[in-house]
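Heads up: the structure comes next, in structure tokens.
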Amino acid sequence: MNIAVNSIAASPASQTASESAATDLIRIEGVSKIFPASRNSAAVAALDGIDLTAPRGSITAIIGRSGAGKSTLIRLVNGLEKPTNGRVIVDGTDVAQLSEAKLRTIRRSIGMIFQHFNLLSSRTVFDNVALPLEIAGVSRRDIEAKVTPLLDLVGLADKRSRYPAELSGGQKQRVGIARALSTEPKLLLSDEATSALDPETTQSVLDLLARINRELGLTILLITHEMEVVKGIADNVAVIDGGRIVEAGSTFDVFSAPVHATTKVLLSGVPGMQLPDYVASRLSPTASPESATVLRIIFTGPHATDPILSQLSAELGIAVNILGGAVDEIAGKPFGTLFVSFPGDQSRVESVREFLRRQGLSTEVLGHVS
Ligand SMILES: Nc1ncnc2c1ncn2[C@@H]1O[C@H](COP(=O)(O)OP(=O)(O)OP(=O)(O)O)[C@@H](O)[C@H]1O
């Protein structure tokens, strides 16, 4: 069974297929993929009962550990793999039912960018971007008219006659993005597109993707192991584990209150997600008369900077010990976490949580320390 918390996968029961086609560019329904056994290996259930939608104009991220099934999922969307069961509907068409010839046509409406850019080293920047148009039989004049503004868009107008070997990693990925956009796709698939780039270059490529999404209304589906990428640009995120979606929802909801153990592990490097080591190593699940309760307070929206703790101390007469915390931004919204401890019994814990609830803050009891 899939556990789709804050589900972006589920659609209202009353929604008809045509209403869904109007709002969702991608609709993955009950998809399983089994790679059959070969002489050297047993059969692999790479995907198992996946339901996922990507609304038109959105940026949706798929995250998961190595081998979870992310690449298989993205390959189903552009028809490079066929599902064993279920439907993969892109812009109203079930890509799994298409012939190779029809698939070639539909792939023109799906751009793709890759971790290692996949540029042709013998072609200039201009000719790399022009390649999909040449393959589609577009005239040289129309190619010039389409490629030149794309090079402007990605900031490479002055590099049009350079070769890939003369470019930085970030510039190569910009060529990859311009090439992916050349056939005016509705959907951009991104397979670890920033994984080979340093943090600063990653940020500039993410800014470009966000701009393309905003200005061209392009739907983006990306797979990544970099939580910074998801946090920075994705509207929605789905967590895949062992071929199943274990958690999905808006990036803000999933990142601010992860539920599934796999999500918590994946997010452990995000500031404010993890207790400081010196506390984590002493944490016990059970309270004792001398122990203090350790609480995670999640600040969202306008509360992120409010002086809540001093109000708490004043109102309830409790000495609160701050253990750690961080203030961050997720999908453009302020988000803060504070780890605190305070002494007292269960009723004290409840009164603290109730006070914080009234301030609009969520809390999670992490355990107890002596
Ligand atoms: N063509 C194939 N034949 C057999 N098994 C495959 C094939 N492609 C993928 N698999 C298996 O399916 C599972 C999911 O693989 P997939 O590449 O989708 O994972 P992933 O999440 O993208 O991993 P990574 O992050 O390491 O790229 C793995 O167990 C993998 O070994």
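Ligands are numbered from 1 in the order shown, chains are lettered A, B, ... in the order of the structure tokens, and residues start at 1 in each chain.
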List all protein, DNA and RNA residues that have at least one atom no more than 10 Å from any atom of ligand 1, counting only C-alpha atoms and all ligand atoms, and write them as a PyMOL selection string.
-> chain A and resi 33-38+41-47+62-76+81+191-192+223-225+240-243
Contact table stretch 209-247 of chain A vs stretch 147-161 of chain A, cut-off 12 Å, shortest pair per residue, only C-alpha atoms, as a Markdown table:
```
| residue | atom | partner | partner_atom | distance |
| --- | --- | --- | --- | --- |
| A:Leu209 | CA | A:Val154 | CA | 9.6 |
| A:Arg211 | CA | A:Leu153 | CA | 9.6 |
| A:Ile212 | CA | A:Leu153 | CA | 8.7 |
| A:Glu215 | CA | A:Leu153 | CA | 10.7 |
| A:Leu216 | CA | A:Leu153 | CA | 11.0 |
```
How about saving the chosen residues, C-alpha atoms kept, as a PDB file, in the first residue's frame?
```pdb
ATOM      1  CA  LEU A 209      15.199  26.650 -14.519  1.00  0.00           C
ATOM      2  CA  ARG A 211      12.841  31.480 -14.687  1.00  0.00           C
ATOM      3  CA  ILE A 212      12.011  29.162 -17.584  1.00  0.00           C
ATOM      4  CA  GLU A 215       8.229  32.761 -17.975  1.00  0.00           C
ATOM      5  CA  LEU A 216       7.509  29.904 -20.388  1.00  0.00           C
TER       6      LEU A 216
END
```
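The coordinates place atom CA of A:His260 at 13.6 Å from atom CA of A:Met273.
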Using only C-alpha atoms, determine which residues lie at most 9 Å from stretch 90-99 of chain A, disregarding the query and same-chain residues fewer than 6 positions distant; provide the list as an MDAnalysis selection string. chainID A and resid 17:18 20:22 24:28 56 76:79 81:83 106 186:187
With N, CA and C atoms retained, export the selected residues as a PDB file, in the first residue's frame.
```
ATOM      1  N   ALA A  17     -11.724  12.366 -15.976  1.00  0.00           N
ATOM      2  CA  ALA A  17     -10.459  12.194 -16.690  1.00  0.00           C
ATOM      3  C   ALA A  17     -10.117  13.469 -17.468  1.00  0.00           C
ATOM      4  N   SER A  18     -11.136  14.130 -18.074  1.00  0.00           N
ATOM      5  CA  SER A  18     -10.805  15.308 -18.877  1.00  0.00           C
ATOM      6  C   SER A  18     -10.448  16.504 -17.992  1.00  0.00           C
ATOM      7  N   SER A  20      -8.902  16.202 -15.179  1.00  0.00           N
ATOM      8  CA  SER A  20      -7.540  15.914 -14.758  1.00  0.00           C
ATOM      9  C   SER A  20      -6.550  16.251 -15.861  1.00  0.00           C
ATOM     10  N   ALA A  21      -6.906  15.916 -17.136  1.00  0.00           N
ATOM     11  CA  ALA A  21      -6.008  16.215 -18.252  1.00  0.00           C
ATOM     12  C   ALA A  21      -5.794  17.720 -18.382  1.00  0.00           C
ATOM     13  N   ALA A  22      -6.811  18.508 -17.976  1.00  0.00           N
ATOM     14  CA  ALA A  22      -6.676  19.961 -18.074  1.00  0.00           C
ATOM     15  C   ALA A  22      -5.715  20.495 -17.011  1.00  0.00           C
ATOM     16  N   ASP A  24      -3.454  18.419 -15.017  1.00  0.00           N
ATOM     17  CA  ASP A  24      -2.210  17.656 -14.830  1.00  0.00           C
ATOM     18  C   ASP A  24      -1.556  17.379 -16.176  1.00  0.00           C
ATOM     19  N   LEU A  25      -0.291  17.733 -16.295  1.00  0.00           N
ATOM     20  CA  LEU A  25       0.411  17.395 -17.544  1.00  0.00           C
ATOM     21  C   LEU A  25       0.848  15.929 -17.510  1.00  0.00           C
ATOM     22  N   ILE A  26       1.234  15.468 -16.315  1.00  0.00           N
ATOM     23  CA  ILE A  26       1.628  14.061 -16.177  1.00  0.00           C
ATOM     24  C   ILE A  26       0.679  13.409 -15.185  1.00  0.00           C
ATOM     25  N   ARG A  27       0.225  12.222 -15.554  1.00  0.00           N
ATOM     26  CA  ARG A  27      -0.610  11.458 -14.631  1.00  0.00           C
ATOM     27  C   ARG A  27      -0.144  10.007 -14.691  1.00  0.00           C
ATOM     28  N   ILE A  28       0.438   9.549 -13.608  1.00  0.00           N
ATOM     29  CA  ILE A  28       0.932   8.175 -13.536  1.00  0.00           C
ATOM     30  C   ILE A  28      -0.047   7.411 -12.656  1.00  0.00           C
ATOM     31  N   ARG A  56       0.189  21.038 -14.529  1.00  0.00           N
ATOM     32  CA  ARG A  56       0.770  21.881 -15.578  1.00  0.00           C
ATOM     33  C   ARG A  56       1.414  23.115 -14.958  1.00  0.00           C
ATOM     34  N   LEU A  76       9.940   6.071 -17.913  1.00  0.00           N
ATOM     35  CA  LEU A  76       8.567   5.718 -18.306  1.00  0.00           C
ATOM     36  C   LEU A  76       7.845   6.933 -18.876  1.00  0.00           C
ATOM     37  N   VAL A  77       8.182   8.111 -18.321  1.00  0.00           N
ATOM     38  CA  VAL A  77       7.480   9.327 -18.749  1.00  0.00           C
ATOM     39  C   VAL A  77       7.835   9.681 -20.202  1.00  0.00           C
ATOM     40  N   ASN A  78       9.093   9.452 -20.618  1.00  0.00           N
ATOM     41  CA  ASN A  78       9.397   9.757 -22.022  1.00  0.00           C
ATOM     42  C   ASN A  78       9.363   8.509 -22.907  1.00  0.00           C
ATOM     43  N   GLY A  79       8.767   7.435 -22.367  1.00  0.00           N
ATOM     44  CA  GLY A  79       8.505   6.252 -23.191  1.00  0.00           C
ATOM     45  C   GLY A  79       9.731   5.407 -23.485  1.00  0.00           C
ATOM     46  N   GLU A  81      10.956   3.352 -21.366  1.00  0.00           N
ATOM     47  CA  GLU A  81      10.555   2.061 -20.784  1.00  0.00           C
ATOM     48  C   GLU A  81       9.036   1.991 -20.841  1.00  0.00           C
ATOM     49  N   LYS A  82       8.520   0.770 -20.903  1.00  0.00           N
ATOM     50  CA  LYS A  82       7.058   0.597 -20.846  1.00  0.00           C
ATOM     51  C   LYS A  82       6.700  -0.018 -19.497  1.00  0.00           C
ATOM     52  N   PRO A  83       5.597   0.438 -18.876  1.00  0.00           N
ATOM     53  CA  PRO A  83       5.231  -0.148 -17.580  1.00  0.00           C
ATOM     54  C   PRO A  83       4.740  -1.578 -17.750  1.00  0.00           C
ATOM     55  N   ILE A 106       6.004  12.494 -29.926  1.00  0.00           N
ATOM     56  CA  ILE A 106       5.672  13.029 -28.601  1.00  0.00           C
ATOM     57  C   ILE A 106       6.939  13.442 -27.837  1.00  0.00           C
ATOM     58  N   LYS A 186       6.580  20.981 -23.801  1.00  0.00           N
ATOM     59  CA  LYS A 186       5.674  21.352 -22.703  1.00  0.00           C
ATOM     60  C   LYS A 186       6.249  20.881 -21.383  1.00  0.00           C
ATOM     61  N   LEU A 187       7.121  19.877 -21.486  1.00  0.00           N
ATOM     62  CA  LEU A 187       7.633  19.216 -20.286  1.00  0.00           C
ATOM     63  C   LEU A 187       9.150  19.138 -20.367  1.00  0.00           C
TER      64      LEU A 187
END
```
For this session: Would you kindly return, as number ranges by chain, each protein, DNA or RNA residue with an atom no farther than 9 Å from any atom of A:Glu184, considering only C-alpha atoms and excluding same-chain residues fewer than 5 positions away?
Result: A: 108-111
Expected file: the selected residues, C-alpha atoms, as a compact mmCIF listing (two decimals), in the first residue's frame:
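Okay, selection_35.txt is ready:
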```
# COMPACT_ATOMS: atom_id res chain seq x y z
CA ARG A 108 9.61 16.45 -29.26
CA SER A 109 7.24 17.88 -26.67
CA ILE A 110 9.44 16.49 -23.87
CA GLY A 111 12.87 18.05 -23.33
```
Next on the checklist: For the strand (DSSP E or B) assignment from backbone DSSP, which residues of stretch 177-308 of chain A qualify? Please present them as an MDAnalysis selection string.
Outcome noted: chainID A and resid 187:191 219:223 236:241 244:250 284 292:300
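Running DSSP on the backbone and keeping only alpha helix (DSSP H), the residues of stretch 20-97 of chain A that qualify are A:Ser20, A:Ala21, A:Ala22, A:Thr23, A:Lys70, A:Ser71, A:Thr72, A:Leu73, A:Ile74, A:Arg75, A:Leu76, A:Val77.
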Could you write out the selected residues, including C-alpha atoms, as a PDB file, in the first residue's frame?
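This is the output file part-v8.pdb:
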```
ATOM      1  CA  SER A  20      -7.540  15.914 -14.758  1.00  0.00           C
ATOM      2  CA  ALA A  21      -6.008  16.215 -18.252  1.00  0.00           C
ATOM      3  CA  ALA A  22      -6.676  19.961 -18.074  1.00  0.00           C
ATOM      4  CA  THR A  23      -4.851  20.402 -14.765  1.00  0.00           C
ATOM      5  CA  LYS A  70      13.732   7.308  -9.829  1.00  0.00           C
ATOM      6  CA  SER A  71      15.398   6.802 -13.225  1.00  0.00           C
ATOM      7  CA  THR A  72      12.960   4.058 -14.166  1.00  0.00           C
ATOM      8  CA  LEU A  73      10.087   6.411 -13.378  1.00  0.00           C
ATOM      9  CA  ILE A  74      11.475   9.234 -15.507  1.00  0.00           C
ATOM     10  CA  ARG A  75      12.213   6.792 -18.365  1.00  0.00           C
ATOM     11  CA  LEU A  76       8.567   5.718 -18.306  1.00  0.00           C
ATOM     12  CA  VAL A  77       7.480   9.327 -18.749  1.00  0.00           C
TER      13      VAL A  77
END
```
message = Residues near A:Leu267, anyone? I mean within 10 Å using only C-alpha atoms, not counting same-chain ones fewer than 4 positions away, as a ChimeraX atom specification.
response = /A:226-228,254-256,258,261-263,271-274
Selection: 8 Å around stretch 290-302 of chain A, only C-alpha atoms, excl. self and same-chain fewer than 3 positions, as a ChimeraX atom specification = /A:256,287,305-306,333-344,349,361-370
A straight line from atom CA of A:Arg174 to atom CA of A:Leu218 spans 16.0 Å
If we count only C-alpha atoms, what is near A:Tyr163 at a cut-off of 6 Å, once residues fewer than 2 positions away on the same chain are taken out, given as a compact mmCIF listing (two decimals) with C-alpha atoms, in the first residue's frame?
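Final output, saved to result-v5.txt:
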```txt
# COMPACT_ATOMS: atom_id res chain seq x y z
CA THR A 124 29.66 24.19 -31.59
CA VAL A 125 27.28 25.52 -28.94
CA ALA A 165 35.51 21.57 -24.28
CA GLU A 166 35.88 25.37 -24.05
```
May I ask for the distance between atom CA of A:Asp198 and atom CA of A:His116, given in Å to one decimal place?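 Computed distance, atom CA of A:Asp198 to atom CA of A:His116, equals 13.5 Å.
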Report task. Rank nothing, just name the residue among A:Leu309, A:Leu266, A:Leu356, A:Val229 nearest to A:Ser195, using only C-alpha atoms. Result ->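 Once distances to A:Ser195 are computed over only C-alpha atoms, the minimum belongs to A:Val229.
Minimum atom-to-atom distances from A:Ala193, A:Ile143, A:Ile135, A:Ile233 to A:Gln115 were compared using only C-alpha atoms, and the lowest value belongs to A:Ala193.
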